file start.txt (compact mmCIF, C-alpha atoms and all ligand atoms)
# COMPACT_ATOMS: atom_id res chain seq x y z
CA MET A 117 0.00 0.00 0.00
CA GLY A 118 1.51 3.37 -1.03
CA VAL A 119 1.85 6.37 1.29
CA PRO A 120 -0.69 9.07 0.42
CA ILE A 121 0.87 12.01 -1.43
CA GLU A 122 -0.24 14.51 1.23
CA LEU A 123 1.45 12.52 3.98
CA SER A 124 4.68 12.23 2.00
CA LEU A 125 4.64 15.97 1.43
CA ILE A 126 4.18 16.65 5.14
CA ILE A 127 7.08 14.35 6.01
CA VAL A 128 9.38 16.02 3.47
CA ILE A 129 8.46 19.52 4.69
CA ALA A 130 8.92 18.52 8.31
CA ALA A 131 12.37 17.05 7.56
CA VAL A 132 13.49 20.20 5.76
CA VAL A 133 12.32 22.39 8.61
CA LEU A 134 14.07 20.24 11.20
CA ILE A 135 17.37 20.17 9.32
CA GLY A 136 17.19 23.91 8.75
CA ALA A 137 16.72 24.54 12.43
CA GLY A 138 19.76 22.41 13.27
CA ILE A 139 18.07 19.81 15.44
CA GLY A 140 19.76 19.06 18.67
CA VAL A 141 21.83 22.20 18.73
CA ALA A 142 19.26 24.87 19.23
CA PHE A 143 18.67 26.45 22.59
CA LEU A 144 15.26 25.66 23.88
CA LEU A 145 13.07 28.11 25.60
CA ARG A 146 9.97 27.05 27.44
CA GLY A 147 7.73 28.85 29.79
CA ARG A 148 5.02 31.14 30.84
CA LYS A 149 6.45 34.55 30.01
CA THR A 150 4.31 36.12 27.34
CA LYS A 151 5.47 39.70 27.31
CA PRO A 152 7.68 40.26 24.28
CA GLY A 153 10.91 41.99 25.19
CA THR A 154 11.57 45.51 24.00
CA TYR A 155 15.29 45.35 24.59
CA THR A 156 16.79 45.48 21.13
CA SER A 157 20.52 45.60 21.72
CA PRO A 158 21.48 42.80 24.04
CA ARG A 159 25.10 42.46 23.05
CA ASP A 160 27.97 44.82 23.73
CA GLU A 161 29.40 46.64 20.76
CA ASN A 162 32.70 45.01 21.61
CA ASP A 163 31.30 41.52 21.45
CA PRO A 164 32.19 39.53 18.39
CA ALA A 165 29.54 38.47 15.96
CA PRO A 166 28.22 35.03 16.91
CA THR A 167 30.25 32.28 15.34
CA GLY A 168 29.66 28.56 15.36
CA GLY A 169 31.48 26.10 17.53
CA ALA A 170 32.92 28.20 20.34
CA THR A 171 34.07 26.02 23.19
CA ALA A 172 34.86 26.54 26.81
CA THR A 173 38.53 26.75 25.92
CA ASP A 174 37.97 29.28 23.16
CA ALA A 175 36.06 31.52 25.46
CA ALA A 176 38.56 31.09 28.26
CA GLU A 177 41.39 32.12 26.01
CA SER A 178 39.70 35.06 24.43
CA ASP A 179 37.62 35.94 27.47
CA VAL A 180 34.70 36.65 25.23
CA VAL A 181 31.77 34.49 24.42
CA ALA A 182 29.96 33.65 21.28
CA PRO A 183 27.02 31.32 21.13
CA PRO A 184 28.38 27.91 20.26
CA VAL A 185 25.59 27.18 17.85
CA PRO A 186 22.87 29.00 15.97
CA VAL A 187 20.37 30.17 18.51
CA ALA A 188 16.77 29.46 17.79
CA GLU A 189 14.27 32.27 17.72
CA ALA A 190 12.72 32.52 21.15
CA GLU A 191 9.49 30.65 20.82
CA ALA A 192 6.35 32.30 22.05
CA PRO A 193 5.98 30.65 25.43
CA GLU A 194 2.40 29.64 24.89
CA ALA A 195 3.39 27.90 21.70
CA ALA A 196 6.18 26.09 23.52
CA ALA A 197 4.25 25.14 26.62
CA GLU A 198 3.36 21.50 26.97
CA PRO A 199 -0.37 21.42 26.39
CA ALA A 200 -1.02 18.93 29.17
CA THR A 201 1.17 20.66 31.79
CA ARG A 202 -0.82 22.00 34.69
CA ILE A 203 0.86 25.00 36.27
CA GLU A 204 1.20 24.56 40.02
CA VAL A 205 0.60 27.39 42.43
CA PRO A 206 3.36 27.22 45.05
CA GLU A 207 2.83 28.16 48.66
CA PRO A 208 4.19 31.47 49.90
CA ALA A 209 7.50 30.96 51.70
CA LEU A 210 6.29 32.51 54.92
CA GLY A 211 3.51 30.00 55.39
CA ARG A 212 5.82 27.06 55.05
CA LEU A 213 8.19 27.97 57.87
CA ALA A 214 5.75 26.87 60.51
CA ARG A 215 5.13 23.57 58.75
CA LEU A 216 8.83 22.90 58.39
CA ARG A 217 9.64 23.78 61.93
CA ALA A 218 8.74 20.39 63.29
CA ARG A 219 11.28 18.86 60.95
CA LEU A 220 13.95 21.28 62.05
CA VAL A 221 13.21 20.57 65.67
CA LYS A 222 13.50 16.86 65.09
CA SER A 223 16.74 17.05 63.17
CA ASN A 224 18.52 19.37 65.56
CA ASN A 225 17.27 18.46 68.98
CA ALA A 226 20.56 16.78 69.92
CA LEU A 227 22.12 20.22 70.19
CA GLY A 228 19.31 22.16 71.79
CA LYS A 229 18.11 19.42 74.13
CA GLY A 230 21.64 18.52 75.19
CA LEU A 231 22.44 22.09 76.13
CA LEU A 232 19.18 22.60 78.00
CA VAL A 233 19.68 19.47 80.07
CA LEU A 234 23.28 20.27 80.90
CA LEU A 235 22.67 23.88 81.84
CA SER A 236 19.62 23.04 83.95
CA GLN A 237 21.63 20.92 86.39
CA ASP A 238 21.82 22.03 90.01
CA LYS A 239 25.56 22.26 89.96
CA ILE A 240 27.45 23.18 86.80
CA ASP A 241 31.03 22.12 87.43
CA ASP A 242 33.96 21.75 85.04
CA ASP A 243 32.79 18.32 83.93
CA VAL A 244 29.47 19.78 82.90
CA TRP A 245 31.19 22.59 81.02
CA ASP A 246 33.31 19.96 79.23
CA ASP A 247 30.12 18.13 78.26
CA ILE A 248 28.61 21.36 76.99
CA GLU A 249 31.71 22.02 74.91
CA GLU A 250 31.59 18.53 73.49
CA THR A 251 27.91 18.87 72.61
CA LEU A 252 28.65 22.06 70.70
CA LEU A 253 31.62 20.58 68.86
CA LEU A 254 29.61 17.50 67.93
CA ALA A 255 26.95 19.77 66.48
CA ASP A 256 29.60 21.22 64.15
CA LEU A 257 29.63 24.64 65.72
CA GLY A 258 33.37 24.82 65.21
CA THR A 259 36.06 25.49 67.80
CA ASP A 260 36.02 29.31 67.71
CA ALA A 261 32.28 29.63 68.13
CA THR A 262 32.23 26.88 70.77
CA THR A 263 34.87 28.62 72.86
CA GLU A 264 33.09 31.94 72.50
CA LEU A 265 29.72 30.51 73.46
CA VAL A 266 31.03 28.51 76.42
CA ASP A 267 32.92 31.58 77.70
CA SER A 268 29.87 33.81 77.57
CA LEU A 269 27.62 31.14 79.12
CA ARG A 270 30.14 30.58 81.94
CA GLU A 271 30.31 34.28 82.58
CA ARG A 272 26.55 34.62 82.74
CA VAL A 273 26.08 31.59 84.99
CA LYS A 274 28.77 32.96 87.31
CA ILE A 275 27.15 36.38 87.53
CA GLU A 276 23.48 35.49 87.31
CA GLY A 277 23.58 32.19 89.24
CA HIS A 278 21.45 29.11 88.73
CA ARG A 279 18.37 29.33 86.56
CA ASP A 280 15.32 27.20 86.08
CA ALA A 281 14.66 25.50 82.74
CA GLU A 282 12.91 28.55 81.31
CA GLY A 283 15.72 30.83 82.43
CA VAL A 284 18.30 28.57 80.82
CA ARG A 285 16.29 28.50 77.63
CA SER A 286 16.09 32.26 77.37
CA MET A 287 19.79 32.66 78.15
CA LEU A 288 20.67 30.14 75.44
CA ARG A 289 18.28 31.83 73.03
CA GLU A 290 20.03 35.16 73.53
CA GLU A 291 23.54 33.78 73.22
CA LEU A 292 22.84 31.58 70.18
CA THR A 293 21.05 34.43 68.42
CA LYS A 294 24.04 36.68 69.02
CA LEU A 295 26.34 34.01 67.64
CA ILE A 296 24.35 33.59 64.41
CA ASP A 297 24.15 37.36 63.98
CA PRO A 298 20.64 38.55 63.15
CA SER A 299 21.98 41.78 61.63
CA MET A 300 23.25 40.10 58.44
CA ASP A 301 21.29 40.80 55.24
CA ARG A 302 19.68 37.52 54.24
CA SER A 303 17.58 38.71 51.33
CA VAL A 304 18.20 37.10 47.93
CA ALA A 305 18.55 39.43 44.93
CA SER A 306 15.34 39.04 42.97
CA ASP A 307 14.25 42.54 41.93
CA ARG A 308 15.06 44.13 38.59
CA ARG A 309 18.08 46.38 38.56
CA GLY A 310 17.04 49.32 36.40
CA ASP A 311 16.61 47.96 32.87
CA ARG A 312 17.84 44.45 33.54
CA PRO A 313 16.92 41.45 35.65
CA ALA A 314 18.68 40.48 38.87
CA VAL A 315 21.18 37.72 38.08
CA VAL A 316 21.75 34.87 40.51
CA MET A 317 24.41 32.20 40.01
CA VAL A 318 24.20 28.97 41.96
CA VAL A 319 27.43 27.06 42.65
CA GLY A 320 28.65 24.10 44.71
CA VAL A 321 30.16 20.62 44.55
CA ASN A 322 28.38 17.60 43.05
CA GLY A 323 25.14 16.44 44.51
CA VAL A 324 24.69 19.09 47.19
CA GLY A 325 21.31 20.05 45.74
CA LYS A 326 21.96 22.99 43.41
CA THR A 327 19.40 22.09 40.76
CA THR A 328 16.80 21.12 43.31
CA THR A 329 17.40 24.36 45.19
CA ILE A 330 16.95 26.47 42.05
CA GLY A 331 13.72 24.62 41.34
CA LYS A 332 12.47 25.30 44.85
CA MET A 333 13.60 28.92 44.69
CA ALA A 334 11.77 29.42 41.42
CA ARG A 335 8.63 28.37 43.27
CA VAL A 336 9.27 30.81 46.10
CA LEU A 337 9.80 33.62 43.59
CA VAL A 338 6.74 32.73 41.53
CA ALA A 339 4.73 32.75 44.75
CA GLU A 340 6.04 36.29 45.22
CA ASP A 341 4.75 37.13 41.76
CA LYS A 342 8.17 37.47 40.15
CA ASP A 343 8.96 36.67 36.53
CA VAL A 344 11.76 34.15 36.64
CA LEU A 345 13.97 32.62 33.95
CA LEU A 346 16.32 29.68 34.50
CA GLY A 347 19.63 29.03 32.77
CA ALA A 348 20.86 25.44 32.61
CA ALA A 349 24.61 26.02 32.54
CA ASP A 350 25.18 22.60 34.10
CA THR A 351 26.06 21.04 30.77
CA PHE A 352 28.27 18.44 32.41
CA ARG A 353 25.56 16.20 33.81
CA ALA A 354 23.30 15.24 30.94
CA ALA A 355 20.10 15.06 32.98
CA ALA A 356 20.62 18.35 34.82
CA ALA A 357 19.10 20.60 32.14
CA GLU A 358 16.10 18.30 31.87
CA GLN A 359 15.71 18.27 35.64
CA LEU A 360 15.89 22.07 35.82
CA GLN A 361 13.45 22.51 32.97
CA THR A 362 10.99 20.16 34.65
CA TRP A 363 11.16 22.15 37.89
CA GLY A 364 10.61 25.37 35.95
CA ALA A 365 7.75 24.00 33.86
CA ARG A 366 5.84 23.01 36.99
CA VAL A 367 5.44 26.65 37.89
CA GLY A 368 5.50 28.02 34.34
CA VAL A 369 9.06 29.33 34.43
CA PRO A 370 11.07 29.16 31.17
CA THR A 371 14.48 27.50 30.95
CA VAL A 372 17.27 28.35 28.52
CA ARG A 373 19.39 25.30 27.80
CA SER A 374 21.48 23.69 25.13
CA ASP A 375 20.72 20.36 23.58
CA VAL A 376 24.38 19.68 23.00
CA ASP A 377 25.97 17.46 25.63
CA GLY A 378 28.94 19.24 27.12
CA ALA A 379 28.12 22.57 25.45
CA ASP A 380 30.07 25.56 26.69
CA PRO A 381 28.41 26.44 30.02
CA ALA A 382 29.48 30.08 29.77
CA SER A 383 27.64 30.38 26.46
CA VAL A 384 24.47 28.91 27.92
CA ALA A 385 24.72 31.27 30.89
CA TYR A 386 25.23 34.17 28.50
CA GLU A 387 22.20 33.21 26.44
CA ALA A 388 20.06 32.79 29.55
CA VAL A 389 20.88 36.26 30.79
CA LYS A 390 20.36 37.66 27.30
CA ALA A 391 16.92 36.03 27.16
CA GLY A 392 16.16 37.39 30.63
CA ILE A 393 17.03 40.90 29.46
CA ASP A 394 15.04 40.52 26.24
CA GLN A 395 12.00 39.18 28.07
CA GLU A 396 12.25 41.73 30.85
CA VAL A 397 12.02 39.18 33.64
CA ASP A 398 12.72 40.05 37.26
CA VAL A 399 15.37 37.47 37.95
CA VAL A 400 17.55 35.01 36.03
CA MET A 401 18.92 32.05 37.97
CA VAL A 402 21.86 30.18 36.47
CA ASP A 403 22.56 26.58 37.48
CA THR A 404 26.17 25.41 37.19
CA ALA A 405 27.78 21.99 37.15
CA GLY A 406 28.95 20.47 40.40
CA ARG A 407 32.72 20.48 40.64
CA LEU A 408 35.34 19.30 43.01
CA GLN A 409 36.91 22.26 44.66
CA ASN A 410 40.38 20.82 44.12
CA LYS A 411 40.05 20.66 40.33
CA VAL A 412 41.68 23.85 39.20
CA GLY A 413 40.38 23.72 35.62
CA LEU A 414 36.77 23.36 36.68
CA MET A 415 37.05 26.10 39.24
CA ASP A 416 38.57 28.38 36.60
CA GLU A 417 35.62 27.59 34.37
CA LEU A 418 33.28 28.82 37.08
CA GLY A 419 35.09 32.14 37.23
CA LYS A 420 34.81 32.32 33.46
CA ILE A 421 31.04 31.74 33.49
CA LYS A 422 30.71 34.71 35.81
CA ARG A 423 32.96 36.94 33.71
CA VAL A 424 31.07 36.03 30.55
CA ILE A 425 27.70 36.80 32.13
CA GLU A 426 29.11 40.12 33.25
CA LYS A 427 29.63 41.17 29.67
CA GLN A 428 25.97 42.08 29.69
CA ALA A 429 24.81 42.20 33.31
CA GLU A 430 26.37 42.18 36.72
CA VAL A 431 25.99 38.99 38.74
CA ASP A 432 24.09 40.25 41.76
CA GLU A 433 24.14 37.11 43.81
CA VAL A 434 26.34 34.03 43.96
CA LEU A 435 24.71 31.41 46.14
CA LEU A 436 26.95 28.62 47.36
CA VAL A 437 24.97 25.46 48.07
CA LEU A 438 26.39 23.30 50.85
CA ASP A 439 25.14 19.97 52.14
CA ALA A 440 24.68 20.26 55.91
CA THR A 441 25.40 16.56 56.36
CA THR A 442 28.98 16.93 55.14
CA GLY A 443 29.81 19.02 58.19
CA GLN A 444 33.21 20.63 58.41
CA ASN A 445 34.11 19.42 54.92
CA GLY A 446 31.61 21.96 53.63
CA LEU A 447 33.77 24.67 55.15
CA ASN A 448 36.74 23.76 53.01
CA GLN A 449 34.56 23.78 49.92
CA ALA A 450 33.15 27.14 50.89
CA LYS A 451 36.58 28.66 51.23
CA VAL A 452 37.77 27.55 47.80
CA PHE A 453 34.59 28.64 46.05
CA SER A 454 34.68 32.04 47.65
CA GLU A 455 38.18 32.55 46.26
CA VAL A 456 36.96 31.98 42.70
CA VAL A 457 33.59 33.69 42.73
CA ASN A 458 32.51 36.26 45.24
CA VAL A 459 30.00 34.21 47.25
CA THR A 460 27.19 36.42 48.60
CA GLY A 461 25.04 33.84 50.35
CA ILE A 462 24.89 30.23 51.51
CA VAL A 463 22.09 27.76 50.93
CA LEU A 464 22.39 24.96 53.45
CA THR A 465 20.57 21.89 52.13
CA LYS A 466 19.60 18.64 53.83
CA LEU A 467 19.32 20.19 57.25
CA ASP A 468 16.54 17.64 57.71
CA GLY A 469 19.13 14.88 57.61
CA THR A 470 21.51 16.04 60.30
CA ALA A 471 21.69 16.81 63.98
CA LYS A 472 24.56 19.16 63.26
CA GLY A 473 22.72 22.44 62.95
CA GLY A 474 25.77 24.21 64.36
CA ILE A 475 27.28 24.19 60.87
CA VAL A 476 25.20 27.30 60.18
CA VAL A 477 27.30 29.21 62.69
CA ALA A 478 30.62 27.76 61.59
CA ILE A 479 30.08 28.58 57.93
CA GLN A 480 29.00 32.12 58.52
CA ARG A 481 31.94 32.82 60.75
CA ARG A 482 34.47 31.27 58.42
CA LEU A 483 33.20 33.08 55.34
CA GLY A 484 31.56 36.17 56.73
CA VAL A 485 28.70 35.33 54.39
CA PRO A 486 25.13 34.81 55.64
CA VAL A 487 23.13 31.60 55.36
CA LYS A 488 20.16 32.82 53.33
CA LEU A 489 18.10 29.70 52.71
CA VAL A 490 17.85 26.23 54.18
CA GLY A 491 16.71 23.01 52.57
CA LEU A 492 14.59 20.88 54.84
CA GLY A 493 13.54 17.99 52.65
CA GLU A 494 13.08 16.71 49.14
CA GLY A 495 9.58 18.12 48.68
CA ALA A 496 9.00 20.93 46.20
CA ASP A 497 8.25 23.47 48.92
CA ASP A 498 10.87 22.26 51.40
CA LEU A 499 13.05 25.35 51.15
CA ALA A 500 12.77 28.10 53.72
CA PRO A 501 14.31 31.53 54.11
CA PHE A 502 16.73 31.43 57.02
CA VAL A 503 15.35 33.42 59.92
CA VAL A 504 17.75 33.46 62.87
CA GLU A 505 15.15 33.74 65.61
CA ASP A 506 13.04 30.92 64.18
CA PHE A 507 16.07 28.71 63.79
CA VAL A 508 17.20 29.28 67.38
CA ASP A 509 13.67 28.71 68.68
CA ALA A 510 13.51 25.47 66.75
CA LEU A 511 16.86 24.39 68.20
CA LEU A 512 15.64 24.99 71.70
CA GLU A 513 12.19 23.49 71.36
CA ASN A 514 11.59 20.12 72.97
N1 LIG B 1 16.68 15.46 52.29
C1 LIG B 1 16.97 16.47 51.45
N2 LIG B 1 17.39 16.17 50.19
C2 LIG B 1 17.69 17.18 49.37
C3 LIG B 1 17.59 18.54 49.78
N3 LIG B 1 17.99 19.32 48.73
C4 LIG B 1 18.31 18.48 47.71
N4 LIG B 1 18.14 17.18 48.09
C5 LIG B 1 18.39 15.97 47.30
O1 LIG B 1 19.76 15.91 46.93
C6 LIG B 1 19.93 15.20 45.72
C7 LIG B 1 20.85 15.95 44.77
O2 LIG B 1 20.19 17.12 44.35
P1 LIG B 1 20.56 17.88 42.99
O3 LIG B 1 19.76 19.12 42.97
O4 LIG B 1 20.47 16.98 41.81
O5 LIG B 1 22.09 18.22 43.23
P2 LIG B 1 23.11 19.05 42.32
O6 LIG B 1 23.96 19.83 43.24
O7 LIG B 1 22.38 19.83 41.29
O8 LIG B 1 23.93 17.87 41.66
P3 LIG B 1 25.02 17.93 40.45
O9 LIG B 1 24.32 18.48 39.25
O10 LIG B 1 25.44 16.51 40.29
O11 LIG B 1 26.13 18.78 40.92
C8 LIG B 1 18.52 14.99 45.18
O12 LIG B 1 18.13 13.67 45.47
C9 LIG B 1 17.67 15.98 45.98
O13 LIG B 1 16.34 15.57 46.13
C10 LIG B 1 17.16 18.82 51.14
O14 LIG B 1 17.07 19.96 51.60
N5 LIG B 1 16.85 17.73 51.92
call {"tool": "encode", "arguments": {"input": "start.txt", "output": "structure tokens"}}
result
Amino acid sequence: MGVPIELSLIIVIAAVVLIGAGIGVAFLLRGRKTKPGTYTSPRDENDPAPTGGATATDAAESDVVAPPVPVAEAEAPEAAAEPATRIEVPEPALGRLARLRARLVKSNNALGKGLLVLLSQDKIDDDVWDDIEETLLLADLGTDATTELVDSLRERVKIEGHRDAEGVRSMLREELTKLIDPSMDRSVASDRRGDRPAVVMVVGVNGVGKTTTIGKMARVLVAEDKDVLLGAADTFRAAAAEQLQTWGARVGVPTVRSDVDGADPASVAYEAVKAGIDQEVDVVMVDTAGRLQNKVGLMDELGKIKRVIEKQAEVDEVLLVLDATTGQNGLNQAKVFSEVVNVTGIVLTKLDGTAKGGIVVAIQRRLGVPVKLVGLGEGADDLAPFVVEDFVDALLEN
């Protein structure tokens, strides 16, 4: 039986269109944003005309970026949206803190409970102080902070005398709050800066939860009525772009990505920010590949991604994602990352899986950078803004 002529024609036309578009190399853009951008001159005058085939090495050497491949026309989001996708309406971040508190209490009660019991004893002798110190060190508070806290507690107990359980609790609340420093700015850049979006880069070693965190953050921002665009510059792990796009699609946020495995991440980041400028979004969040902090080449590449983005817009926020369960090891990572890119905030993930909440204090002190968000589970809305008072209360709740 022959193929009907009409069908053959359709197949031929479809093939021509696909070849012309350079299947598999075009950047994809999906999402909810409908407003066409009015920004007509996204590239610097100094930037070279786009050429094909730029690689990470090319860009590193020349310190300029050109899209590695022909870039597809930005599809009208409605046209690109999956017809069957139902857009979720995420919860506001404020509402979720209360719900997540129970989890925080559970995961950290070793620290809070231990301290309360020890300090409520009738007689607090040197042995008790040693136990208190050990409790703090075991909770990953770090030696400096532990010494400081024990010294100030000792001083207060000496001057103010024995306290009942409630008195101990309020003393601990005050001292822990002081240690975590409530005066630090913990807001995440998400408002437009004049005629461009805020740009947020997310960095960290493999598997700490970068992609998941961006997905959760997109939800928080959508709940705050922001227009968000994601950039999948993690071109190292094949599934990462897909994973990011899926997170975005759930709340109608578009993702700029490359279909080429191992495409130049700086180029993808550049294109994402360009699309964010063109589409006049509020914030562009760029995911990057996990990297070992001791691999010089990969760390250099991270610096390059930032420089390339900055050809068209300043990077307003660099969030370093750290896994709370890795404890002090996270501190070493943090130090190396902050040497390569100017880290402006920490996201501490998997706090639900550790009793070592003291890492919050240690990291802040080591880096002088605030913990801005905490991950408290694998659920889509299990990311909470870090509020010092709430965190301390949760630590001290029974
Ligand atoms: N329990 C818990 N799991 C989390 C949290 N955040 C992320 N995860 C899990 O951590 C795992 C790794 O998350 P990803 O987002 O893929 O990590 P990544 O840093 O992007 O990984 P690479 O791309 O390999 O560098 C996933 O199974 C997440 O569900 C959290 O706050 N709590």
call {"tool": "residues_near_ligand", "arguments": {"input": "start.txt", "ligand": "ligand LIG 1 (chain B)", "cutoff": "7 Å", "atoms": "all atoms listed in the file", "output": "mmCIF file with C-alpha atoms, keeping the file's coordinate frame"}}
result
data_model
loop_
_atom_site.group_PDB
_atom_site.id
_atom_site.type_symbol
_atom_site.label_atom_id
_atom_site.label_comp_id
_atom_site.auth_asym_id
_atom_site.auth_seq_id
_atom_site.Cartn_x
_atom_site.Cartn_y
_atom_site.Cartn_z
ATOM 1 C CA GLY A 320 28.650 24.100 44.710
ATOM 2 C CA VAL A 321 30.160 20.620 44.550
ATOM 3 C CA ASN A 322 28.380 17.600 43.050
ATOM 4 C CA GLY A 323 25.140 16.440 44.510
ATOM 5 C CA VAL A 324 24.690 19.090 47.190
ATOM 6 C CA GLY A 325 21.310 20.050 45.740
ATOM 7 C CA LYS A 326 21.960 22.990 43.410
ATOM 8 C CA THR A 327 19.400 22.090 40.760
ATOM 9 C CA THR A 328 16.800 21.120 43.310
ATOM 10 C CA THR A 329 17.400 24.360 45.190
ATOM 11 C CA ASP A 350 25.180 22.600 34.100
ATOM 12 C CA ARG A 353 25.560 16.200 33.810
ATOM 13 C CA ALA A 356 20.620 18.350 34.820
ATOM 14 C CA ALA A 405 27.780 21.990 37.150
ATOM 15 C CA GLY A 406 28.950 20.470 40.400
ATOM 16 C CA ARG A 407 32.720 20.480 40.640
ATOM 17 C CA THR A 465 20.570 21.890 52.130
ATOM 18 C CA LYS A 466 19.600 18.640 53.830
ATOM 19 C CA LEU A 467 19.320 20.190 57.250
ATOM 20 C CA ASP A 468 16.540 17.640 57.710
ATOM 21 C CA GLY A 469 19.130 14.880 57.610
ATOM 22 C CA VAL A 490 17.850 26.230 54.180
ATOM 23 C CA GLY A 491 16.710 23.010 52.570
ATOM 24 C CA LEU A 492 14.590 20.880 54.840
ATOM 25 C CA GLY A 493 13.540 17.990 52.650
ATOM 26 C CA GLU A 494 13.080 16.710 49.140
ATOM 27 C CA ASP A 498 10.870 22.260 51.400
ATOM 28 C CA LEU A 499 13.050 25.350 51.150
#
call {"tool": "residues_around", "arguments": {"input": "start.txt", "residues": "Gly331 (chain A)", "least_positions_apart": "3", "cutoff": "8 Å", "atoms": "all atoms listed in the file", "output": "PyMOL selection string"}}
result
chain A and resi 327-328+334-335+360+363-364+496
call {"tool": "closest_residue", "arguments": {"input": "start.txt", "among": "A:Arg272, A:Gly446, A:Ala382, A:Glu387", "to": "Leu408 (chain A)", "atoms": "only C-alpha atoms"}}
result
A:Gly446
call {"tool": "closest_residue", "arguments": {"input": "start.txt", "among": "A:Pro370, A:Val266, A:Ala450, A:Val485", "to": "Val397 (chain A)", "atoms": "only C-alpha atoms"}}
result
A:Pro370
call {"tool": "atom_distance", "arguments": {"input": "start.txt", "atom1": "CA of Leu269 (chain A)", "atom2": "CA of Ala255 (chain A)"}}
result
17.0 Å
call {"tool": "atom_distance", "arguments": {"input": "start.txt", "atom1": "CA of Arg309 (chain A)", "atom2": "CA of Val400 (chain A)"}}
result
11.7 Å
call {"tool": "atom_distance", "arguments": {"input": "start.txt", "atom1": "CA of Leu346 (chain A)", "atom2": "CA of Ile479 (chain A)"}}
result
27.2 Å
call {"tool": "closest_residue", "arguments": {"input": "start.txt", "among": "A:Val273, A:Val376, A:Leu292, A:Val402", "to": "Ala510 (chain A)", "atoms": "all atoms listed in the file"}}
result
A:Leu292
call {"tool": "residues_around", "arguments": {"input": "start.txt", "residues": "region 236-244 of chain A", "least_positions_apart": "3", "cutoff": "10 Å", "atoms": "only C-alpha atoms", "output": "list in words"}}
result
Leu231, Leu232, Val233, Asp247, Ile248, Glu249, Glu250, Arg270, Val273, Lys274, His278, Arg279, Asp280, Ala281, Glu282, Gly283, Val284 and Arg285 of chain A
